[in-house]
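One structure is given below, encoded as structure tokens.
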Amino acid sequence: MVKTVMLMGESVLAERALPVPSHEFGGARLRALAADLWDTLAERGGIGLAAPQIGVPWRFICFGLPRTVRRPATCLEVPQTALVNPTIEVLDAKEEEDWEGCLSLPGLRGRVPRPKKIRYKGWDVDGHPVERTAEGWHARVVLHEFDHLDGILYPARIRDWKHFGFISALFPQERG
Ligand code: NI
């Protein structure tokens with residue numbers, strides 16, 4: 001079901017989310033939450049969404065898009081993943097800067113420094129372990145969603161405020 005996306009300022013976006021209890025693995029509640037996140041993502045056209053963004057304070061993120069969906073080439077490298085209780089290890093702390101947006105800050109975009117390479121671990125909704133290394137855009141998407149679980153929104157990581165603003169002002173040539 002498509003859910004309302006919480007906007008910056010709502011307390012659930014500024015708090016640390018709780019670990020998903022292990023007895024929820026394979027259960028209807030976790031499955032329904034995943035379906036809600038995917039439905040909302042498809043409707044709103046994002047590349048990732050964290051449970052707190054639809055008001056659920058659990059450590060659960062979804063990212064990537066199915067192959068059937070039209071998307072920019074950069075999204076091809078992000079495998080469609082639902083990840084429970086993720087952890088992240090930085091493998092290359094050298095930072096890269098790129099543009100990010102967030103469905104909780106509609107209309108805005110900013111250049112955010114992120115570590116170049118990470119390893120992430122967690123579980124799928126059935127409790128099977130997931131472990132991957134990721135670089136570039138893939139790493140950026142996971143780091144952005146992971147931050148939501150610690151109550152961090154991307155503007156908190158921006159260093160150069162010249163590169164933060166409304167999409168309509170930053171990129172007047174872009175439509176939609
Ligand atoms: Ni976001």
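By order of appearance in the structure tokens: chains A, B, ..., then residues from 1 within every chain, and ligands from 1 in the order shown.
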Extract, using only C-alpha atoms, all DNA, RNA and protein residues at most 10 Å from Arg132 in chain A, discarding same-chain residues fewer than 4 positions from it, and format them as a VMD selection string. chain A and resid 88 118 to 122 139
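Shell of Val125 in chain A at 9 Å, with only C-alpha atoms counted and residues fewer than 3 places along the chain excluded, is Glu24, Phe25, Gly26, Gly27, Leu30, Arg31, Ala34, Ala82, Leu83, Val84 and His128 of chain A.
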Just the selected residues (N, CA and C atoms), exported as a short mmCIF file (atom, residue, chain, number, x, y, z; two decimals), in the first residue's frame, please.
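Just written: again26.cif:
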```cif
data_model
loop_
_atom_site.label_atom_id
_atom_site.label_comp_id
_atom_site.auth_asym_id
_atom_site.auth_seq_id
_atom_site.Cartn_x
_atom_site.Cartn_y
_atom_site.Cartn_z
N GLU A 24 10.26 -11.57 14.03
CA GLU A 24 9.48 -10.99 12.92
C GLU A 24 9.90 -11.55 11.56
N PHE A 25 11.09 -12.18 11.50
CA PHE A 25 11.57 -12.70 10.21
C PHE A 25 10.57 -13.70 9.65
N GLY A 26 10.27 -13.55 8.35
CA GLY A 26 9.34 -14.45 7.69
C GLY A 26 7.88 -14.20 8.04
N GLY A 27 7.63 -13.20 8.87
CA GLY A 27 6.28 -12.94 9.34
C GLY A 27 5.52 -11.95 8.46
N LEU A 30 6.50 -7.99 8.71
CA LEU A 30 7.70 -7.54 7.99
C LEU A 30 7.44 -7.54 6.47
N ARG A 31 6.71 -8.56 6.02
CA ARG A 31 6.36 -8.67 4.61
C ARG A 31 5.48 -7.49 4.17
N ALA A 34 7.58 -4.34 3.96
CA ALA A 34 8.37 -4.33 2.72
C ALA A 34 7.48 -3.94 1.54
N ALA A 82 15.79 -5.56 0.02
CA ALA A 82 15.15 -5.19 1.28
C ALA A 82 16.08 -5.67 2.39
N LEU A 83 16.51 -4.78 3.24
CA LEU A 83 17.56 -5.11 4.20
C LEU A 83 17.13 -4.78 5.63
N VAL A 84 17.17 -5.82 6.47
CA VAL A 84 16.75 -5.70 7.87
C VAL A 84 17.99 -5.61 8.76
N HIS A 128 17.36 -14.52 5.92
CA HIS A 128 18.57 -14.99 5.24
C HIS A 128 19.61 -13.87 5.23
#
```
With only C-alpha atoms as the basis for distance, which of A:Glu15, A:Asp160, A:Glu95, A:Asp36 is at the shortest distance from Glu135 in chain A? A:Glu95
Please give me, as a list in words, the residues lying within 6 Å of ligand 1 when counting only C-alpha atoms and all ligand atoms.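 Using only C-alpha atoms and all ligand atoms, everything at most 6 Å from ligand 1 comes to Cys102, Leu103 and Glu145 of chain A.
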Got a sec to tell me which of range 1-108 of chain A DSSP assigns to strand (DSSP E or B), as a ChimeraX atom specification? /A:8,10,18,48-50,58,60-63,81-100,108
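Residues surrounding range 153-159 of chain A within 9 Å are Met8, Leu13, Ala14, Glu100, Gly101, Cys102, Ser104, Leu105, Arg109, Gly110, Arg111, Val112, Pro113, Arg114, His144, Asp147, His148, His163 and Phe164 of chain A [only C-alpha atoms; sequence separation below 4 positions excluded].
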Kindly save the residues from that selection, with all heavy atoms included, as a compact mmCIF listing (two decimals), in the first residue's frame.
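Contents of again-v2.txt, as written:
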```txt
# COMPACT_ATOMS: atom_id res chain seq x y z
N MET A 8 10.78 16.10 6.64
CA MET A 8 11.76 16.59 7.59
C MET A 8 11.06 17.50 8.61
O MET A 8 10.31 18.39 8.21
CB MET A 8 12.87 17.38 6.88
CG MET A 8 13.96 17.85 7.82
SD MET A 8 15.40 18.53 6.97
CE MET A 8 14.73 20.03 6.30
N LEU A 13 11.79 10.95 11.98
CA LEU A 13 12.94 11.06 11.06
C LEU A 13 14.21 11.50 11.78
O LEU A 13 15.30 11.44 11.21
CB LEU A 13 12.62 12.07 9.94
CG LEU A 13 11.54 11.66 8.95
CD1 LEU A 13 11.31 12.78 7.95
CD2 LEU A 13 11.92 10.37 8.23
N ALA A 14 14.08 11.96 13.01
CA ALA A 14 15.23 12.47 13.75
C ALA A 14 15.68 11.52 14.86
O ALA A 14 16.61 11.81 15.60
CB ALA A 14 14.90 13.84 14.33
N GLU A 100 22.37 14.31 -4.02
CA GLU A 100 21.37 13.44 -3.42
C GLU A 100 20.07 14.21 -3.24
O GLU A 100 20.07 15.42 -3.09
CB GLU A 100 21.84 12.93 -2.04
CG GLU A 100 23.03 12.01 -2.13
CD GLU A 100 23.44 11.40 -0.80
OE1 GLU A 100 22.62 11.37 0.15
OE2 GLU A 100 24.60 10.95 -0.71
N GLY A 101 19.00 13.44 -3.27
CA GLY A 101 17.70 13.98 -2.93
C GLY A 101 17.06 13.02 -1.95
O GLY A 101 17.62 11.95 -1.66
N CYS A 102 15.91 13.39 -1.44
CA CYS A 102 15.24 12.53 -0.45
C CYS A 102 13.75 12.82 -0.49
O CYS A 102 13.35 13.98 -0.55
CB CYS A 102 15.81 12.84 0.94
SG CYS A 102 15.09 11.82 2.24
N SER A 104 11.76 12.75 1.78
CA SER A 104 11.36 13.49 2.98
C SER A 104 11.70 14.98 2.88
O SER A 104 11.33 15.76 3.76
CB SER A 104 12.01 12.88 4.23
OG SER A 104 11.50 11.58 4.44
N LEU A 105 12.43 15.36 1.81
CA LEU A 105 12.75 16.77 1.56
C LEU A 105 12.43 17.06 0.09
O LEU A 105 13.34 17.31 -0.71
CB LEU A 105 14.24 17.06 1.81
CG LEU A 105 14.81 17.01 3.21
CD1 LEU A 105 15.09 15.60 3.66
CD2 LEU A 105 16.10 17.83 3.28
N ARG A 109 17.82 19.32 -3.36
CA ARG A 109 18.94 18.45 -3.71
C ARG A 109 20.23 19.06 -3.16
O ARG A 109 20.32 20.29 -3.03
CB ARG A 109 19.02 18.34 -5.24
CG ARG A 109 19.67 17.05 -5.71
CD ARG A 109 19.51 16.86 -7.19
NE ARG A 109 18.18 16.33 -7.54
CZ ARG A 109 17.78 16.13 -8.80
NH1 ARG A 109 18.57 16.43 -9.80
NH2 ARG A 109 16.58 15.63 -9.05
N GLY A 110 21.16 18.20 -2.82
CA GLY A 110 22.42 18.71 -2.30
C GLY A 110 23.57 17.78 -2.62
O GLY A 110 23.36 16.58 -2.84
N ARG A 111 24.78 18.33 -2.66
CA ARG A 111 25.96 17.51 -2.91
C ARG A 111 26.50 17.02 -1.57
O ARG A 111 26.81 17.81 -0.68
CB ARG A 111 27.05 18.31 -3.65
CG ARG A 111 26.80 18.38 -5.14
CD ARG A 111 27.91 19.10 -5.86
NE ARG A 111 29.10 18.27 -6.06
CZ ARG A 111 29.22 17.39 -7.05
NH1 ARG A 111 28.26 17.22 -7.92
NH2 ARG A 111 30.33 16.69 -7.18
N VAL A 112 26.60 15.69 -1.44
CA VAL A 112 26.91 15.07 -0.16
C VAL A 112 28.19 14.24 -0.29
O VAL A 112 28.29 13.40 -1.19
CB VAL A 112 25.75 14.15 0.29
CG1 VAL A 112 26.03 13.55 1.66
CG2 VAL A 112 24.42 14.90 0.28
N PRO A 113 29.16 14.46 0.58
CA PRO A 113 30.35 13.59 0.59
C PRO A 113 30.01 12.25 1.25
O PRO A 113 29.36 12.22 2.29
CB PRO A 113 31.37 14.38 1.41
CG PRO A 113 30.58 15.31 2.26
CD PRO A 113 29.24 15.51 1.60
N ARG A 114 30.45 11.17 0.62
CA ARG A 114 30.24 9.82 1.17
C ARG A 114 31.50 9.00 0.94
O ARG A 114 32.19 9.19 -0.06
CB ARG A 114 29.10 9.10 0.43
CG ARG A 114 27.74 9.74 0.48
CD ARG A 114 27.01 9.42 1.75
NE ARG A 114 25.63 9.91 1.71
CZ ARG A 114 24.84 9.98 2.78
NH1 ARG A 114 25.27 9.56 3.96
NH2 ARG A 114 23.62 10.44 2.68
N HIS A 144 22.91 6.52 2.42
CA HIS A 144 21.82 7.49 2.60
C HIS A 144 20.66 6.84 3.38
O HIS A 144 20.16 7.42 4.35
CB HIS A 144 21.35 7.99 1.23
CG HIS A 144 20.16 8.92 1.28
ND1 HIS A 144 20.23 10.23 0.90
CD2 HIS A 144 18.87 8.71 1.69
CE1 HIS A 144 19.03 10.80 1.07
NE2 HIS A 144 18.19 9.88 1.53
N ASP A 147 21.57 6.03 7.00
CA ASP A 147 21.54 7.24 7.84
C ASP A 147 20.15 7.51 8.41
O ASP A 147 20.02 7.97 9.55
CB ASP A 147 21.96 8.47 7.01
CG ASP A 147 23.46 8.77 7.12
OD1 ASP A 147 24.15 8.10 7.92
OD2 ASP A 147 23.92 9.70 6.43
N HIS A 148 19.11 7.21 7.61
CA HIS A 148 17.74 7.42 8.10
C HIS A 148 17.48 6.64 9.39
O HIS A 148 16.69 7.06 10.22
CB HIS A 148 16.72 6.97 7.04
CG HIS A 148 16.45 8.00 5.98
ND1 HIS A 148 15.87 9.21 6.25
CD2 HIS A 148 16.66 7.99 4.64
CE1 HIS A 148 15.74 9.91 5.13
NE2 HIS A 148 16.21 9.19 4.13
N HIS A 163 26.04 24.21 -2.70
CA HIS A 163 25.52 23.10 -3.48
C HIS A 163 24.36 22.41 -2.76
O HIS A 163 24.32 21.19 -2.64
CB HIS A 163 26.64 22.11 -3.81
CG HIS A 163 27.71 22.71 -4.65
ND1 HIS A 163 29.06 22.55 -4.41
CD2 HIS A 163 27.62 23.52 -5.75
CE1 HIS A 163 29.75 23.21 -5.31
NE2 HIS A 163 28.91 23.81 -6.13
N PHE A 164 23.47 23.21 -2.22
CA PHE A 164 22.26 22.69 -1.60
C PHE A 164 21.13 23.67 -1.91
O PHE A 164 21.30 24.87 -1.72
CB PHE A 164 22.43 22.57 -0.08
CG PHE A 164 21.18 22.12 0.63
CD1 PHE A 164 20.58 20.91 0.32
CD2 PHE A 164 20.60 22.91 1.62
CE1 PHE A 164 19.42 20.48 0.98
CE2 PHE A 164 19.45 22.49 2.29
CZ PHE A 164 18.86 21.27 1.97
```
Using only C-alpha atoms for the distances, tell me which of A:Val20, A:Cys62, A:Ala93, A:Ile54 is nearest to Lys3 in chain A. A:Ile54
Among chain A, which residues carry a DSSP assignment of helix (DSSP H, G or I), reported as an MDAnalysis selection string? chainID A and resid 11:13 22:24 28:44 51:54 73:77 136:149 154:157 161:163 167:170
Would you mind reading off the distance between CA of Thr4 in chain A and CA of Leu108 in chain A, one decimal, in Å?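 Straight-line distance from CA of Thr4 in chain A to CA of Leu108 in chain A works out to 18.0 Å.
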Using CA of Glu77 in chain A and CA of Gly48 in chain A as the two end points, give the distance in Å to one decimal.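 Atom-to-atom, CA of Glu77 in chain A to CA of Gly48 in chain A, that is 13.2 Å.
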Val2 in chain A: which residues within 8 Å, counting only C-alpha atoms, same-chain residues fewer than 6 positions away excluded, as JSON, numbers by chain? {"A": [36, 37, 39, 40, 43]}
